[in-house]
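Pasting run.cif here (mmCIF, C-alpha atoms):
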data_final
loop_
_atom_site.label_atom_id
_atom_site.label_comp_id
_atom_site.auth_asym_id
_atom_site.auth_seq_id
_atom_site.Cartn_x
_atom_site.Cartn_y
_atom_site.Cartn_z
CA MET A 44 33.24 -7.36 -10.16
CA THR A 45 32.59 -3.74 -10.90
CA GLY A 46 30.87 -1.57 -8.35
CA THR A 47 27.59 -1.67 -10.24
CA VAL A 48 24.60 -3.99 -9.91
CA TRP A 49 21.16 -3.77 -11.55
CA TYR A 50 18.01 -2.65 -9.83
CA CYS A 51 14.95 -4.17 -11.52
CA TYR A 52 11.74 -2.15 -11.27
CA ALA A 53 9.38 -4.11 -13.46
CA VAL A 54 8.86 -6.41 -16.38
CA ALA A 55 6.57 -5.08 -19.07
CA ARG A 56 5.41 -5.60 -22.61
CA PRO A 57 7.54 -3.60 -25.07
CA PHE A 58 6.85 0.14 -25.07
CA PRO A 59 8.11 3.05 -27.16
CA PRO A 60 11.53 4.35 -26.06
CA GLU A 61 10.05 7.83 -25.56
CA ALA A 62 8.31 6.47 -22.49
CA LEU A 63 11.65 6.59 -20.69
CA GLY A 64 12.25 10.23 -21.64
CA GLY A 65 13.78 12.12 -18.73
CA LEU A 66 13.05 9.27 -16.35
CA ARG A 67 15.55 8.74 -13.54
CA GLY A 68 15.57 5.81 -11.22
CA VAL A 69 16.99 5.02 -7.81
CA ARG A 70 19.93 7.26 -6.98
CA ASP A 71 19.07 9.35 -10.03
CA ALA A 72 20.45 6.73 -12.39
CA GLU A 73 19.40 6.49 -16.02
CA VAL A 74 16.64 3.94 -16.57
CA ARG A 75 17.27 1.32 -19.27
CA VAL A 76 15.60 -1.76 -20.65
CA VAL A 77 16.72 -5.32 -21.18
CA ALA A 78 14.59 -6.82 -23.94
CA HIS A 79 13.88 -10.40 -24.86
CA ASP A 80 11.15 -11.30 -27.34
CA ASP A 81 7.95 -9.64 -26.13
CA LEU A 82 9.22 -8.91 -22.62
CA VAL A 83 11.28 -6.02 -21.34
CA ALA A 84 12.84 -5.61 -17.94
CA VAL A 85 13.18 -2.05 -16.69
CA VAL A 86 16.44 -1.58 -14.80
CA SER A 87 19.00 0.95 -13.71
CA PRO A 88 22.54 0.64 -12.39
CA VAL A 89 23.02 1.14 -8.65
CA PRO A 90 26.16 1.05 -6.52
CA ALA A 91 26.88 -2.49 -5.36
CA ASP A 92 28.10 -1.40 -1.96
CA GLU A 93 24.84 0.41 -1.19
CA PHE A 94 22.61 -2.48 -2.30
CA ASP A 95 24.42 -5.24 -0.52
CA GLU A 96 22.52 -7.97 1.29
CA SER A 97 24.65 -7.62 4.41
CA LEU A 98 23.55 -3.99 4.70
CA LEU A 99 19.94 -4.72 3.95
CA HIS A 100 18.55 -4.71 7.44
CA ALA A 101 20.32 -1.55 8.39
CA LYS A 102 19.13 0.14 5.22
CA PHE A 103 15.54 -0.80 5.82
CA GLU A 104 15.72 0.68 9.28
CA ASP A 105 16.72 3.97 7.70
CA LEU A 106 13.41 5.56 6.91
CA ALA A 107 14.82 8.33 4.73
CA TRP A 108 16.64 5.74 2.60
CA LEU A 109 13.60 3.47 2.45
CA GLU A 110 11.24 6.25 1.48
CA ALA A 111 13.56 7.62 -1.21
CA VAL A 112 14.00 4.19 -2.81
CA ALA A 113 10.29 3.38 -2.53
CA ARG A 114 9.22 6.62 -4.20
CA GLN A 115 11.82 6.34 -6.95
CA HIS A 116 10.81 2.74 -7.58
CA ASP A 117 7.16 3.75 -7.77
CA ALA A 118 7.87 6.68 -10.07
CA VAL A 119 9.54 4.36 -12.59
CA VAL A 120 6.81 1.73 -12.34
CA GLU A 121 4.05 4.30 -12.76
CA ARG A 122 5.68 5.82 -15.81
CA ILE A 123 6.02 2.47 -17.54
CA ALA A 124 2.50 1.47 -16.53
CA GLN A 125 1.16 4.49 -18.41
CA HIS A 126 2.52 3.03 -21.62
CA SER A 127 2.32 -0.72 -21.33
CA ALA A 128 1.18 -3.68 -19.28
CA THR A 129 3.56 -3.60 -16.32
CA LEU A 130 4.39 -6.12 -13.60
CA PRO A 131 6.04 -4.27 -10.75
CA PHE A 132 8.90 -6.05 -9.00
CA ARG A 133 9.29 -6.11 -5.28
CA LEU A 134 11.27 -3.29 -3.74
CA ALA A 135 15.05 -3.63 -3.97
CA THR A 136 15.32 -6.60 -6.31
CA ILE A 137 18.91 -6.45 -7.49
CA TYR A 138 20.70 -8.53 -10.10
CA PHE A 139 24.47 -8.82 -10.36
CA THR A 140 24.55 -8.41 -14.12
CA LYS A 141 22.39 -7.44 -17.06
CA ARG A 142 22.93 -10.96 -18.28
CA ALA A 143 21.18 -12.24 -15.15
CA VAL A 144 18.22 -10.01 -15.99
CA ASP A 145 18.18 -11.36 -19.51
CA ALA A 146 18.25 -14.90 -18.14
CA ILE A 147 15.16 -14.16 -16.04
CA LEU A 148 13.28 -12.99 -19.13
CA LYS A 149 14.25 -16.14 -20.99
CA ASP A 150 13.81 -18.68 -18.21
CA ARG A 151 10.60 -17.22 -16.83
CA ALA A 152 9.04 -16.05 -20.06
CA ARG A 153 5.95 -18.19 -19.66
CA GLU A 154 5.12 -17.17 -16.08
CA LEU A 155 5.89 -13.52 -16.71
CA GLY A 156 3.80 -13.54 -19.88
CA GLU A 157 0.85 -15.13 -18.11
CA ALA A 158 1.07 -12.66 -15.26
CA LEU A 159 1.22 -9.76 -17.74
CA ASP A 160 -1.84 -11.07 -19.55
CA ARG A 161 -3.68 -11.27 -16.26
CA ILE A 162 -3.08 -7.61 -15.38
CA SER A 163 -3.10 -6.10 -18.88
CA GLY A 164 -5.80 -3.45 -19.19
CA ARG A 165 -6.43 -3.48 -15.45
CA ALA A 166 -5.44 -1.26 -12.58
CA GLU A 167 -5.25 -1.75 -8.85
CA TRP A 168 -7.45 0.22 -6.46
CA GLY A 169 -6.90 0.35 -2.74
CA VAL A 170 -9.85 0.53 -0.37
CA LYS A 171 -9.41 1.11 3.34
CA VAL A 172 -12.27 1.14 5.79
CA PHE A 173 -11.89 3.08 9.03
CA THR A 174 -13.99 3.43 12.14
CA ARG A 175 -15.73 6.67 12.82
CA GLU A 176 -14.33 7.36 16.24
CA PRO A 177 -16.58 9.05 18.73
CA VAL A 178 -15.30 12.56 19.17
CA SER A 179 -13.22 12.45 22.30
CA SER A 180 -13.58 15.46 24.45
CA THR A 181 -11.34 16.83 27.12
CA ASP A 182 -14.43 18.10 28.88
CA PRO A 183 -15.47 15.84 31.70
CA PRO A 184 -18.94 14.30 31.44
CA ALA A 185 -21.84 16.18 32.96
CA ASP A 186 -21.94 14.16 36.16
CA ASP A 187 -18.30 14.99 36.79
CA ILE A 188 -18.95 18.66 36.26
CA GLY A 189 -21.77 18.48 38.75
CA SER A 190 -19.71 16.85 41.41
CA ALA A 191 -16.71 19.06 40.76
CA ALA A 192 -18.87 22.15 40.99
CA SER A 193 -20.32 21.07 44.27
CA GLY A 194 -16.92 19.97 45.47
CA THR A 195 -18.38 16.90 47.09
CA ASP A 196 -17.02 14.14 44.87
CA ALA A 197 -15.50 11.89 47.47
CA ARG A 198 -14.67 9.25 44.91
CA PRO A 199 -13.02 10.91 41.88
CA GLY A 200 -11.35 7.61 40.98
CA LEU A 201 -14.70 5.96 40.42
CA SER A 202 -15.94 8.53 37.96
CA TYR A 203 -12.63 8.35 36.16
CA LEU A 204 -12.98 4.59 35.79
CA ARG A 205 -16.56 4.95 34.68
CA ARG A 206 -15.52 7.45 32.03
CA ARG A 207 -12.70 5.20 30.82
CA ARG A 208 -15.05 2.27 30.55
CA SER A 209 -17.58 4.22 28.56
CA GLU A 210 -14.85 5.44 26.21
CA ARG A 211 -13.63 1.90 25.73
CA ASP A 212 -17.14 0.62 25.06
CA ALA A 213 -17.70 3.35 22.49
CA LYS A 214 -14.46 2.43 20.77
CA GLU A 215 -15.34 -1.25 20.63
CA SER A 216 -18.77 -0.51 19.30
CA ALA A 217 -17.31 1.80 16.64
CA TRP A 218 -14.98 -1.03 15.61
CA GLU A 219 -17.81 -3.54 15.36
CA ASP A 220 -19.96 -1.17 13.32
CA ALA A 221 -17.14 -0.41 10.90
CA ALA A 222 -16.07 -4.04 10.62
CA GLN A 223 -19.62 -5.09 9.82
CA GLN A 224 -20.06 -2.42 7.17
CA GLY A 225 -16.55 -3.09 5.90
CA ALA A 226 -17.39 -6.74 5.28
CA GLU A 227 -20.39 -5.74 3.19
CA ILE A 228 -18.36 -3.13 1.29
CA ASP A 229 -15.69 -5.73 0.61
CA ARG A 230 -18.28 -8.22 -0.61
CA VAL A 231 -19.76 -5.77 -3.11
CA LEU A 232 -16.39 -4.49 -4.36
CA THR A 233 -15.08 -8.03 -4.73
CA GLU A 234 -18.05 -8.80 -6.97
CA HIS A 235 -17.14 -5.82 -9.12
CA SER A 236 -13.46 -6.61 -9.47
CA GLU A 237 -11.44 -9.44 -10.99
CA PHE A 238 -9.09 -10.13 -8.13
CA ARG A 239 -8.91 -9.16 -4.50
CA ARG A 240 -5.97 -9.13 -2.16
CA GLN A 241 -6.13 -8.23 1.48
CA HIS A 242 -3.32 -6.26 3.08
CA ARG A 243 -2.75 -6.04 6.79
CA ALA A 244 -4.66 -3.31 8.54
CA GLN A 245 -2.62 -0.17 8.97
CA SER A 246 -1.65 1.16 12.32
CA ALA A 247 -3.16 4.59 12.93
CA GLU A 248 0.11 5.53 14.52
CA LEU A 249 1.89 4.95 11.22
CA SER A 250 -0.66 6.26 8.79
CA GLY A 251 -1.79 9.21 10.85
CA ALA A 252 -5.32 8.38 9.74
CA VAL A 253 -8.36 9.34 11.76
CA GLY A 254 -10.04 6.25 13.13
CA GLN A 255 -8.96 2.62 13.28
CA ASN A 256 -8.30 0.78 10.05
CA VAL A 257 -10.56 -2.26 10.05
CA LEU A 258 -10.02 -3.33 6.44
CA ASN A 259 -7.27 -2.79 3.87
CA VAL A 260 -7.89 -4.44 0.52
CA ALA A 261 -6.60 -4.10 -3.04
CA TYR A 262 -8.83 -4.85 -6.02
CA LEU A 263 -7.86 -5.42 -9.63
CA VAL A 264 -10.30 -3.54 -11.85
CA PRO A 265 -10.51 -3.38 -15.66
CA VAL A 266 -9.58 0.09 -16.82
CA ASN A 267 -12.86 0.43 -18.70
CA ALA A 268 -14.75 -0.21 -15.46
CA THR A 269 -12.87 2.45 -13.48
CA ASP A 270 -15.66 5.01 -13.34
CA GLN A 271 -18.16 2.39 -12.26
CA PHE A 272 -15.87 1.17 -9.50
CA ILE A 273 -15.32 4.68 -8.14
CA ALA A 274 -19.04 5.44 -8.28
CA LEU A 275 -19.75 2.19 -6.48
CA ALA A 276 -17.28 3.01 -3.72
CA GLN A 277 -18.91 6.41 -3.34
CA GLU A 278 -22.33 4.84 -3.16
CA LEU A 279 -21.15 2.37 -0.54
CA GLN A 280 -19.77 5.23 1.51
CA ASP A 281 -23.07 7.05 1.31
CA GLU A 282 -24.82 3.97 2.63
CA ALA A 283 -22.36 3.29 5.43
CA PRO A 284 -22.37 6.23 7.81
CA ASN A 285 -20.60 4.30 10.57
CA CYS A 286 -17.36 3.93 8.69
CA ARG A 287 -15.12 5.99 6.50
CA ILE A 288 -13.87 4.67 3.16
CA GLU A 289 -10.60 5.78 1.68
CA LEU A 290 -10.03 4.93 -1.96
CA THR A 291 -6.59 5.15 -3.55
CA GLY A 292 -5.66 4.55 -7.13
CA PRO A 293 -5.10 3.81 -9.84
CA TRP A 294 -1.99 1.89 -8.82
CA ALA A 295 0.15 -0.31 -11.02
CA PRO A 296 -0.87 -3.88 -10.10
CA TYR A 297 1.61 -4.28 -7.25
CA SER A 298 -0.69 -6.50 -5.23
CA PHE A 299 -1.40 -8.77 -8.20
CA ALA A 300 2.03 -9.07 -9.74
CA PHE A 301 1.97 -12.71 -8.91
CA ASP A 302 -0.97 -14.65 -7.73
CA GLY A 303 -0.16 -15.06 -4.10
CA ALA A 304 2.91 -17.20 -4.70
CA SER A 305 6.30 -16.08 -5.85
CA PHE A 306 7.90 -17.59 -8.90
CA ALA A 307 10.70 -18.65 -6.63
CA ALA A 308 8.33 -21.08 -4.94
CA GLU A 309 8.35 -23.07 -8.16
CA GLU A 310 12.09 -23.55 -8.05
CA PRO A 311 12.85 -27.26 -8.25
CA ASP A 312 15.61 -26.83 -5.68
CA GLY A 313 12.95 -26.05 -3.12
CA THR A 314 14.03 -22.56 -2.14
CA GLU A 315 10.56 -21.65 -1.11
CA GLN A 316 9.47 -18.22 -0.12
CA THR A 317 6.85 -17.69 2.45
CA MET B 251 -28.50 0.14 -3.72
CA THR B 252 -30.55 2.71 -1.90
CA GLY B 253 -28.09 5.56 -1.92
CA HIS B 254 -30.16 7.66 -4.30
CA ASP B 255 -33.00 8.46 -1.97
CA ARG B 256 -31.14 10.87 0.21
CA VAL B 257 -28.66 13.66 -0.09
CA PRO B 258 -25.12 12.33 0.23
CA ASP B 259 -23.22 13.57 3.20
CA PRO B 260 -20.82 16.16 1.79
CA ALA B 261 -18.27 15.41 4.50
CA ALA B 262 -18.24 11.74 3.59
CA ARG B 263 -17.91 12.58 -0.06
CA GLN B 264 -14.90 14.69 0.62
CA GLU B 265 -13.24 11.92 2.57
CA LEU B 266 -13.60 9.38 -0.16
CA TRP B 267 -11.05 10.56 -2.57
CA THR B 268 -9.65 9.52 -5.86
CA SER B 269 -7.51 11.25 -8.33
CA GLY B 270 -8.07 9.65 -11.70
CA ASN B 271 -5.22 10.30 -14.05
CA SER B 272 -3.49 13.09 -12.25
CA GLY B 273 -2.00 11.06 -9.45
CA ARG B 274 -3.27 8.89 -6.67
CA SER B 275 -3.90 11.19 -3.81
CA PRO B 276 -6.08 14.11 -2.92
CA ALA B 277 -5.05 17.42 -4.36
CA GLY B 278 -1.61 18.38 -3.19
CA LYS B 279 -1.17 15.38 -0.91
CA GLU B 280 1.67 12.97 -1.49
CA ILE B 281 0.93 9.25 -1.76
CA SER B 282 0.99 7.78 1.70
CA LEU B 283 4.26 6.01 2.37
CA VAL B 284 2.40 3.36 4.32
CA ASP B 285 0.16 2.60 1.32
CA LEU B 286 3.21 2.44 -0.90
CA LEU B 287 5.11 0.10 1.42
CA ASP B 288 2.06 -2.19 1.71
CA ARG B 289 2.52 -2.78 -1.99
CA LEU B 290 6.26 -2.60 -2.45
CA LEU B 291 7.16 -4.88 0.46
CA ALA B 292 4.30 -7.36 0.33
CA GLY B 293 3.51 -7.20 -3.39
CA GLY B 294 5.52 -7.14 -6.56
CA VAL B 295 7.09 -9.94 -8.51
CA VAL B 296 9.79 -11.96 -6.84
CA VAL B 297 12.00 -13.77 -9.33
CA THR B 298 15.11 -15.16 -7.83
CA GLY B 299 18.07 -16.06 -9.95
CA ASP B 300 21.42 -14.41 -10.00
CA VAL B 301 20.29 -11.84 -7.50
CA SER B 302 22.62 -9.91 -5.31
CA LEU B 303 19.78 -8.81 -3.13
CA SER B 304 16.21 -9.87 -2.71
CA ILE B 305 13.97 -9.07 0.16
CA ALA B 306 11.73 -12.05 -0.49
CA GLY B 307 11.31 -14.23 2.53
CA VAL B 308 12.65 -11.60 4.87
CA ASP B 309 10.13 -9.98 7.13
CA LEU B 310 11.02 -6.51 5.99
CA VAL B 311 7.51 -5.35 6.48
CA HIS B 312 8.22 -5.78 10.14
CA ILE B 313 11.58 -4.10 9.88
CA SER B 314 10.35 -1.13 7.95
CA LEU B 315 7.33 -0.66 10.17
CA ARG B 316 9.66 -0.50 13.11
CA ALA B 317 11.60 2.20 11.30
CA LEU B 318 8.39 4.05 10.61
CA ILE B 319 7.23 3.81 14.18
CA THR B 320 10.53 5.13 15.41
CA SER B 321 10.22 8.01 13.02
CA VAL B 322 6.63 8.75 13.91
CA LYS B 323 7.41 8.69 17.60
CA ALA B 324 10.26 11.10 17.09
CA ASN B 325 7.88 13.53 15.44
CA ARG B 326 5.04 12.94 17.81
CA PRO B 327 6.24 12.92 21.37
CA SER B 328 2.90 11.83 22.80
CA PRO B 329 1.74 8.56 21.25
CA LEU B 330 -1.97 8.50 20.63
CA GLN B 331 -2.42 4.81 21.16
CA SER B 332 -2.54 3.24 24.54
#
Written as structure tokens, that's how I'd like the structure from this file.
Amino acid sequence: MTGTVWYCYAVARPFPPEALGGLRGVRDAEVRVVAHDDLVAVVSPVPADEFDESLLHAKFEDLAWLEAVARQHDAVVERIAQHSATLPFRLATIYFTKRAVDAILKDRARELGEALDRISGRAEWGVKVFTREPVSSTDPPADDIGSAASGTDARPGLSYLRRRRSERDAKESAWEDAAQQGAEIDRVLTEHSEFRRQHRAQSAELSGAVGQNVLNVAYLVPVNATDQFIALAQELQDEAPNCRIELTGPWAPYSFAFDGASFAAEEPDGTEQT
Amino acid sequence: MTGHDRVPDPAARQELWTSGNSGRSPAGKEISLVDLLDRLLAGGVVVTGDVSLSIAGVDLVHISLRALITSVKANRPSPLQS
């Protein structure tokens, strides 16, 4: 065994070789293709000792490593997607040999072809709906100011509790408003897209976003309907003052690369993925 | 749709952003890592075979989020969430 294994970014329909011009993959490696009939796998060599299953957990705890690999993966996928129908692979899918990649293209040609047909000429758009948080103020409410000024507040704990409760109520009500509008936004956007896939709501702590994320959905939209979809999202925002919509895209069809079930789930040996 | 009968809120318009062909984020802003990981860890094709490494079936979303939280907390000494 040499020290090299193969990182697979995507499977695509054949594209002109110029598409790979100057493109570097994970760890700055040269990006290559493995071709079989009307399918190509986009791969690059990576060091076997770095992409070893036993190190996987530790690697994924290393944010700098994770971010670097994720961005390099995405850069390759996006480049290919500009030239051809592209099915992104999951992060850090590694094959021992190029022959193993070739075997995937042969053995899974039908499923890969069907999945490519499903996403060809479409792009993914991400829509997140956030609450509009009431502006929190460090100034105490008016009744507190009054009592503080007079110096006669014998029960400061009570006003503190009252303030906390009112803040909590405002937060809950902001959530309900946004969730309600989010459901309507989702309904309309679903009608105007071909597929929908819900992602888990993002933690504000992670995303740094303002407000709570009540809805996080990806939609698959035909490329020729892009302008309409964006205009629709804008219109929905204009009509929903109690939430904030964030639209991201176009993405390669990451969320629709397979229809909710991995190919592995079809393995006759029953190695199911969940 | 009734959005045509009033002036759109310019603030709201600014917040809803897209980038068309030039990228996927507002001018000058990098794609959110969280958005990217949503897709790369929970999406994408999983084809097993002669793989030396596949994250399918492993709850790496959980793992990576823990890494992210650790990182965020390091940068932000006072957590905003209670």
Determine, for each residue of chain A having at least one atom at most 6 Å from an atom of chain B, the closest pair of atoms and their separation in Å to one decimal, counting all atoms listed in the file; order by chain and ascending number, as JSON lines.
{"residue": "A:Glu96", "atom": "CA", "partner": "B:Leu303", "partner_atom": "CA", "distance": 5.3}
{"residue": "A:Phe103", "atom": "CA", "partner": "B:Ser314", "partner_atom": "CA", "distance": 5.6}
{"residue": "A:Glu104", "atom": "CA", "partner": "B:Ala317", "partner_atom": "CA", "distance": 4.8}
{"residue": "A:Leu106", "atom": "CA", "partner": "B:Ala317", "partner_atom": "CA", "distance": 5.8}
{"residue": "A:Pro131", "atom": "CA", "partner": "B:Gly294", "partner_atom": "CA", "distance": 5.1}
{"residue": "A:Phe132", "atom": "CA", "partner": "B:Gly294", "partner_atom": "CA", "distance": 4.3}
{"residue": "A:Arg133", "atom": "CA", "partner": "B:Gly294", "partner_atom": "CA", "distance": 4.1}
{"residue": "A:Leu134", "atom": "CA", "partner": "B:Leu290", "partner_atom": "CA", "distance": 5.2}
{"residue": "A:Thr136", "atom": "CA", "partner": "B:Ser304", "partner_atom": "CA", "distance": 4.9}
{"residue": "A:Ile137", "atom": "CA", "partner": "B:Leu303", "partner_atom": "CA", "distance": 5.0}
{"residue": "A:Tyr138", "atom": "CA", "partner": "B:Val301", "partner_atom": "CA", "distance": 4.2}
{"residue": "A:Phe139", "atom": "CA", "partner": "B:Ser302", "partner_atom": "CA", "distance": 5.5}
{"residue": "A:Ala143", "atom": "CA", "partner": "B:Asp300", "partner_atom": "CA", "distance": 5.6}
{"residue": "A:Glu278", "atom": "CA", "partner": "B:Gly253", "partner_atom": "CA", "distance": 5.9}
{"residue": "A:Asp281", "atom": "CA", "partner": "B:Pro258", "partner_atom": "CA", "distance": 5.8}
{"residue": "A:Glu282", "atom": "CA", "partner": "B:Gly253", "partner_atom": "CA", "distance": 5.8}
{"residue": "A:Ile288", "atom": "CA", "partner": "B:Leu266", "partner_atom": "CA", "distance": 5.8}
{"residue": "A:Glu289", "atom": "CA", "partner": "B:Leu266", "partner_atom": "CA", "distance": 5.0}
{"residue": "A:Leu290", "atom": "CA", "partner": "B:Trp267", "partner_atom": "CA", "distance": 5.8}
{"residue": "A:Thr291", "atom": "CA", "partner": "B:Thr268", "partner_atom": "CA", "distance": 5.8}
{"residue": "A:Gly292", "atom": "CA", "partner": "B:Arg274", "partner_atom": "CA", "distance": 5.0}
{"residue": "A:Tyr297", "atom": "CA", "partner": "B:Gly294", "partner_atom": "CA", "distance": 4.9}
{"residue": "A:Ser298", "atom": "CA", "partner": "B:Gly293", "partner_atom": "CA", "distance": 4.6}
{"residue": "A:Ala300", "atom": "CA", "partner": "B:Gly294", "partner_atom": "CA", "distance": 5.1}
{"residue": "A:Phe301", "atom": "CA", "partner": "B:Val295", "partner_atom": "CA", "distance": 5.8}
{"residue": "A:Ser305", "atom": "CA", "partner": "B:Val296", "partner_atom": "CA", "distance": 5.5}
{"residue": "A:Phe306", "atom": "CA", "partner": "B:Val297", "partner_atom": "CA", "distance": 5.6}
{"residue": "A:Ala307", "atom": "CA", "partner": "B:Val297", "partner_atom": "CA", "distance": 5.7}
{"residue": "A:Gln316", "atom": "CA", "partner": "B:Gly307", "partner_atom": "CA", "distance": 5.1}
{"residue": "A:Thr317", "atom": "CA", "partner": "B:Gly307", "partner_atom": "CA", "distance": 5.6}
With 6 Å as the threshold, what does the neighbourhood of (5.5, -8.3, -14.2) contain in terms of residues, counting only C-alpha atoms? Coordinates are those of the file; answer as a compact mmCIF listing (two decimals) with C-alpha atoms, in the frame of the given file.
# COMPACT_ATOMS: atom_id res chain seq x y z
CA ALA A 53 9.38 -4.11 -13.46
CA VAL A 54 8.86 -6.41 -16.38
CA ALA A 55 6.57 -5.08 -19.07
CA THR A 129 3.56 -3.60 -16.32
CA LEU A 130 4.39 -6.12 -13.60
CA PRO A 131 6.04 -4.27 -10.75
CA LEU A 155 5.89 -13.52 -16.71
CA LEU A 159 1.22 -9.76 -17.74
CA ALA A 300 2.03 -9.07 -9.74
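Applied to the file shown here, the PyMOL selection byres ((chain A and resi 149) around 12) selects Val77, Ala78, His79, Asp80, Asp81, Leu82, Val83, Ala84, Arg142, Ala143, Val144, Asp145, Ala146, Ile147, Leu148, Asp150, Arg151, Ala152, Arg153, Glu154, Leu155 and Gly156 of chain A; Gly299 of chain B.
The interatomic distance for the pair CA of Arg75 in chain A and CA of Asp105 in chain A works out to 27.1 Å.
Interatomic distance, CA of Ala118 in chain A to CA of Thr269 in chain A: 21.4 Å.
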Min atom-atom distance to Arg287 in chain A from the set A:Phe238, A:Tyr203, A:Phe173, A:Phe272, counting all atoms listed in the file, belongs to A:Phe173
Which polymer residues have any atom within 8 Å of an atom of Arg239 in chain A, counting only C-alpha atoms, with same-chain residues fewer than 2 positions away left out, as an NGL selection string?
:A and (233 or 236-237 or 241 or 260-263)
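In this structure, CA of Asp270 in chain A sits 12.7 Å away from CA of Arg165 in chain A.
Among the candidates A:Glu110, A:Arg161, A:Tyr52, A:Val170, the residue lying nearest to Gln280 in chain A is A:Val170 (atoms considered: only C-alpha atoms).
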Once the PyMOL selection byres ((chain A and resi 257) around 8) is applied to the coordinates I shared, what remains selected? I want it as a ChimeraX atom specification. /A:171-174,218,221-222,225,244,255-256,258-259
Using the selection just defined, write its residues with C-alpha atoms as a compact mmCIF listing (two decimals), keeping the file's coordinate frame.
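For reference, out.txt as written:
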# COMPACT_ATOMS: atom_id res chain seq x y z
CA LYS A 171 -9.41 1.11 3.34
CA VAL A 172 -12.27 1.14 5.79
CA PHE A 173 -11.89 3.08 9.03
CA THR A 174 -13.99 3.43 12.14
CA TRP A 218 -14.98 -1.03 15.61
CA ALA A 221 -17.14 -0.41 10.90
CA ALA A 222 -16.07 -4.04 10.62
CA GLY A 225 -16.55 -3.09 5.90
CA ALA A 244 -4.66 -3.31 8.54
CA GLN A 255 -8.96 2.62 13.28
CA ASN A 256 -8.30 0.78 10.05
CA LEU A 258 -10.02 -3.33 6.44
CA ASN A 259 -7.27 -2.79 3.87
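If you apply the PyMOL selection byres ((chain A and resi 62) around 8) to this structure, you end up with Phe58, Pro59, Pro60, Glu61, Leu63, Gly64, Arg122, Ile123 and His126 of chain A.
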